[in-house]
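> The structure that follows is given in the form of structure tokens.
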Amino acid sequence: MKKHRLKVIILSLLLIVLTACGANTSSDKILYKIGVTQFVEHPSLDAAYQGFQAALKDAGLEVDYDERNAQGDHSNTSTIAQNFAADNVDLIFANATPSAQAALQATREIPIVFTSVTDAIEAGLVDSLDQADRNITGVMDMHPDAIVETINFIETYFPQSRIGVVYNAGEQNSVIQIEHVNAAIQGTSLTVVERTVSTSAEVQQATTSLVGDVDLIYIVTDNTVVSALETVVAVANEQKLPLIVGEPDSLERGGFATFGIDYYTIGYRSGEMAVDILTGEKSPSDIDVEYPPEMELFINRTAAEAQGIVWHGEWDNATIIE
């Protein structure tokens, strides 16, 4: 009897050990915690975040996302980044220039992957695109030829135009783009009329103030203005002013034309970088900052009609949005 009882005890202990081994196998998969800081909510930034998440899901990583939106407030970006640093998250995904700058100020230890940044060097995120020596890397959202191609388009089809631009002078990415616009019009028949805003609530008034002073409106990828783009579209349609925009998502909201990139794609590529970092295959300093891979002409035919624009046959070769 004692011998039988001892056998039962031994078998029970063996079963416990085997069960424990099985539990370890199923729990070997790591749950990564990623802090997501986004400057403001609008379709392009949202699409970039969706692409980022898709890349990590496709790689089979299990992720707990801590999502924070600064609602267009720079002070909020700092608070969000500092909280992520205090929580010691595994990685910070910074969506837009102000969010990336705040993240880098908050930590030089936690890996940071950004996207939707116009110029990573001018923003102070890296010293060189191919010599990232910090804890940050990512994919920018401005193709190097985008503004030049846009100005060439305006000069070809709207010569001698006065171009109205509205932007937040507190967004460094916007300031850089306006500098590129002013440089690109040199030697053309075009001129630029500027209006600046501090918040999205000021966008309608600033746009209305352009009426009578400009022949068309060009909205770059300024987060403050893009978040209130519908007010710009309303003025453009009512006043029959062609509205050139900085990315395809703004086109779908009523813009007329853009030489744009796909934000989902640059978000996905940023997600691939994050996968390499989280799995230990690379560090941020091993990954060069990248430009968006492709750019193409998009035209919204419905917006063209609403803004009284005469259609040109060669535009049929563009990607058309009805």
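Residue numbering restarts at 1 for every chain of the structure tokens, chains are lettered A, B, ... in their displayed order, and ligands are numbered from 1 as they appear.
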Could the residues of stretch 26-110 of chain A that have an atom at most 12 Å from stretch 210-221 of chain A be listed as a Markdown table, each with its closest atom pair and the distance in Å to one decimal, counting only C-alpha atoms and ordered by chain and ascending residue number?


```
| residue | atom | partner | partner_atom | distance |
| --- | --- | --- | --- | --- |
| A:His42 | CA | A:Thr221 | CA | 11.0 |
| A:Pro43 | CA | A:Thr221 | CA | 11.7 |
| A:Ser44 | CA | A:Thr221 | CA | 9.3 |
| A:Leu45 | CA | A:Thr221 | CA | 10.5 |
| A:Ala96 | CA | A:Thr221 | CA | 10.1 |
| A:Thr97 | CA | A:Thr221 | CA | 11.0 |
```

> Write out as a CSV table (one decimal) with C-alpha atoms, in the first residue's frame the residues lying within 9 Å of A:Val289, counting only C-alpha atoms and excluding same-chain residues fewer than 2 positions away.


```
chain,number,residue,atom,x,y,z
A,120,ALA,CA,14.4,65.0,-39.4
A,126,VAL,CA,19.3,63.4,-36.2
A,128,SER,CA,22.5,63.0,-40.6
A,129,LEU,CA,20.1,60.6,-42.4
A,130,ASP,CA,22.7,57.9,-42.7
A,131,GLN,CA,24.5,58.4,-39.5
A,132,ALA,CA,21.9,58.1,-36.8
A,136,ILE,CA,15.8,57.5,-32.7
A,137,THR,CA,15.1,56.7,-36.3
A,138,GLY,CA,12.1,56.6,-38.6
A,139,VAL,CA,10.5,57.6,-41.9
A,140,MET,CA,9.8,61.1,-43.0
A,287,ILE,CA,18.8,52.0,-39.1
A,291,TYR,CA,12.3,59.3,-47.2
```

> As JSON, numbers by chain, please: every residue in stretch 12-225 of chain A that DSSP puts in helix (DSSP H, G or I).

{"A": [12, 13, 14, 15, 16, 17, 18, 19, 20, 21, 22, 23, 24, 25, 26, 43, 44, 45, 46, 47, 48, 49, 50, 51, 52, 53, 54, 55, 56, 57, 58, 74, 75, 76, 77, 78, 79, 80, 81, 82, 83, 84, 85, 86, 87, 97, 98, 99, 100, 101, 102, 103, 104, 105, 106, 146, 147, 148, 149, 150, 151, 152, 153, 154, 155, 156, 157, 172, 173, 174, 175, 176, 177, 178, 179, 180, 181, 182, 183, 184, 200, 201, 202, 203, 204, 205, 206, 207, 208, 223, 224, 225]}

> List the neighbours of A:Leu243 out to 9 Å using only C-alpha atoms; skip same-chain residues closer than 4 positions along the sequence, and give me the result as a PyMOL selection string.

chain A and resi 216-219+232-233+236-237+254-257+303-304+307

> Enumerate as number ranges by chain all residues of stretch 40-229 of chain A assigned to strand (DSSP E or B) by DSSP on the backbone, naming them with the chain letters and numbers the document uses.

A: 62-69, 91-95, 112-117, 136-140, 162-168, 191-197, 216-219

> Using the selection just defined, write its residues with N, CA and C atoms as a compact mmCIF listing (two decimals), in the first residue's frame.


```txt
# COMPACT_ATOMS: atom_id res chain seq x y z
N GLU A 62 3.28 40.51 -30.08
CA GLU A 62 2.17 40.86 -29.20
C GLU A 62 2.50 42.20 -28.54
N VAL A 63 1.59 43.16 -28.69
CA VAL A 63 1.89 44.53 -28.27
C VAL A 63 0.74 45.11 -27.45
N ASP A 64 1.12 45.78 -26.37
CA ASP A 64 0.16 46.56 -25.58
C ASP A 64 0.44 48.04 -25.91
N TYR A 65 -0.48 48.68 -26.65
CA TYR A 65 -0.29 50.08 -27.07
C TYR A 65 -0.87 51.03 -26.02
N ASP A 66 -0.07 51.98 -25.60
CA ASP A 66 -0.54 53.07 -24.74
C ASP A 66 -0.66 54.30 -25.63
N GLU A 67 -1.87 54.61 -26.09
CA GLU A 67 -2.09 55.65 -27.11
C GLU A 67 -2.41 56.99 -26.44
N ARG A 68 -1.65 58.02 -26.81
CA ARG A 68 -1.89 59.37 -26.28
C ARG A 68 -1.91 60.38 -27.44
N ASN A 69 -2.87 61.31 -27.42
CA ASN A 69 -2.99 62.34 -28.45
C ASN A 69 -2.81 63.70 -27.79
N LEU A 91 9.31 50.87 -26.29
CA LEU A 91 9.59 51.69 -27.48
C LEU A 91 8.54 52.80 -27.55
N ILE A 92 8.94 53.94 -28.08
CA ILE A 92 7.99 55.05 -28.30
C ILE A 92 7.78 55.22 -29.80
N PHE A 93 6.53 55.24 -30.22
CA PHE A 93 6.20 55.56 -31.62
C PHE A 93 5.71 57.00 -31.64
N ALA A 94 6.47 57.88 -32.30
CA ALA A 94 6.16 59.31 -32.34
C ALA A 94 5.62 59.68 -33.71
N ASN A 95 4.38 60.15 -33.75
CA ASN A 95 3.69 60.41 -35.01
C ASN A 95 3.56 61.92 -35.20
N ILE A 112 13.14 55.17 -30.00
CA ILE A 112 12.05 55.98 -30.55
C ILE A 112 12.01 55.74 -32.06
N VAL A 113 10.83 55.44 -32.58
CA VAL A 113 10.63 55.35 -34.03
C VAL A 113 9.57 56.38 -34.40
N PHE A 114 9.90 57.24 -35.37
CA PHE A 114 8.95 58.28 -35.75
C PHE A 114 8.46 58.08 -37.18
N THR A 115 7.37 58.77 -37.51
CA THR A 115 6.96 58.97 -38.89
C THR A 115 6.21 60.29 -38.95
N SER A 116 5.80 60.68 -40.18
CA SER A 116 5.10 61.95 -40.39
C SER A 116 5.95 63.14 -39.96
N VAL A 117 7.25 63.01 -40.06
CA VAL A 117 8.19 64.10 -39.79
C VAL A 117 8.68 64.63 -41.13
N ILE A 136 16.99 57.12 -31.89
CA ILE A 136 15.81 57.47 -32.68
C ILE A 136 16.06 57.25 -34.17
N THR A 137 15.04 56.78 -34.85
CA THR A 137 15.08 56.66 -36.31
C THR A 137 13.64 56.66 -36.80
N GLY A 138 13.44 56.60 -38.12
CA GLY A 138 12.07 56.59 -38.62
C GLY A 138 11.98 56.95 -40.10
N VAL A 139 10.76 57.26 -40.53
CA VAL A 139 10.48 57.56 -41.94
C VAL A 139 9.82 58.93 -42.03
N MET A 140 10.37 59.80 -42.85
CA MET A 140 9.82 61.14 -43.03
C MET A 140 8.62 61.10 -43.99
N ARG A 162 -0.99 84.20 -57.58
CA ARG A 162 -0.61 84.56 -56.20
C ARG A 162 -1.06 83.38 -55.33
N ILE A 163 -0.09 82.72 -54.68
CA ILE A 163 -0.37 81.50 -53.92
C ILE A 163 -0.59 81.85 -52.45
N GLY A 164 -1.75 81.53 -51.93
CA GLY A 164 -2.01 81.75 -50.51
C GLY A 164 -1.63 80.54 -49.68
N VAL A 165 -0.83 80.75 -48.64
CA VAL A 165 -0.45 79.65 -47.75
C VAL A 165 -0.88 79.99 -46.32
N VAL A 166 -1.43 79.02 -45.62
CA VAL A 166 -1.81 79.17 -44.22
C VAL A 166 -1.07 78.10 -43.44
N TYR A 167 -0.38 78.49 -42.36
CA TYR A 167 0.39 77.50 -41.61
C TYR A 167 0.60 77.98 -40.19
N ASN A 168 0.94 77.04 -39.34
CA ASN A 168 1.25 77.33 -37.94
C ASN A 168 2.75 77.59 -37.83
N THR A 191 3.94 84.20 -56.98
CA THR A 191 4.26 84.88 -55.73
C THR A 191 3.52 84.18 -54.59
N VAL A 192 3.97 84.40 -53.36
CA VAL A 192 3.38 83.74 -52.19
C VAL A 192 2.84 84.79 -51.22
N VAL A 193 1.63 84.55 -50.73
CA VAL A 193 1.02 85.39 -49.70
C VAL A 193 0.81 84.51 -48.46
N GLU A 194 1.40 84.90 -47.32
CA GLU A 194 1.38 84.03 -46.14
C GLU A 194 0.37 84.51 -45.09
N ARG A 195 -0.24 83.55 -44.43
CA ARG A 195 -1.03 83.79 -43.23
C ARG A 195 -0.63 82.74 -42.20
N THR A 196 -0.47 83.13 -40.93
CA THR A 196 -0.09 82.16 -39.90
C THR A 196 -1.21 82.05 -38.87
N VAL A 197 -1.27 80.88 -38.23
CA VAL A 197 -2.25 80.61 -37.18
C VAL A 197 -1.52 79.95 -36.01
N LEU A 216 -4.99 81.13 -55.82
CA LEU A 216 -5.17 79.74 -55.38
C LEU A 216 -4.59 79.59 -53.98
N ILE A 217 -4.93 78.47 -53.35
CA ILE A 217 -4.45 78.20 -51.98
C ILE A 217 -3.62 76.91 -51.99
N TYR A 218 -2.50 76.92 -51.25
CA TYR A 218 -1.64 75.74 -51.14
C TYR A 218 -1.46 75.46 -49.65
N ILE A 219 -2.00 74.33 -49.19
CA ILE A 219 -1.86 73.92 -47.79
C ILE A 219 -0.84 72.79 -47.71
```

> Using only C-alpha atoms, which of the listed residues (A:Leu278, A:Ala146, A:Ile30, A:Ala70) sits closest to A:Ala100?

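Residue with the minimum atom-to-atom distance to A:Ala100: A:Ala70.
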
> May I ask for the distance between atom CA of A:Ala234 and atom CA of A:Gln50, given in Å to one decimal place?

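Interatomic distance, atom CA of A:Ala234 to atom CA of A:Gln50: 28.4 Å.
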
> Report as CSV: every residue of stretch 147-227 of chain A with an atom at most 12 Å from stretch 312-322 of chain A, its closest pair of atoms, and their distance in Å to one decimal, counting only C-alpha atoms, with rows sorted by chain and ascending residue number.


```
residue,atom,partner,partner_atom,distance
A:Phe153,CA,A:Trp315,CA,10.8
A:Thr156,CA,A:His312,CA,11.1
A:Tyr157,CA,A:His312,CA,8.6
A:Phe158,CA,A:His312,CA,11.6
```

> For A:Glu171, which residue among A:Asp286, A:Asp249, A:Asp119, A:Glu272 is the nearest when counting only C-alpha atoms?

A:Asp119

> Hey, can you check how far atom CA of A:Ile110 sits from atom CA of A:Asp133?

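So the two atoms, atom CA of A:Ile110 and atom CA of A:Asp133, lie 13.5 Å apart.
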
> So that I can see what lies close to A:Thr265, please list as a list in words the residues with an atom at most 10 Å from it, counting only C-alpha atoms and leaving out residues fewer than 6 positions away in the same chain.

Ala47, Ala48, Tyr49, Gln50, Gly51, Phe52, Ala55, Val139, Gly271, Pro292, Pro293 and Glu294 of chain A

> Would you compute the distance between atom CA of A:Ala123 and atom CA of A:Ala184? Give it in Å to one decimal.

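Answer for the atom CA of A:Ala123 to atom CA of A:Ala184 separation: 20.6 Å.
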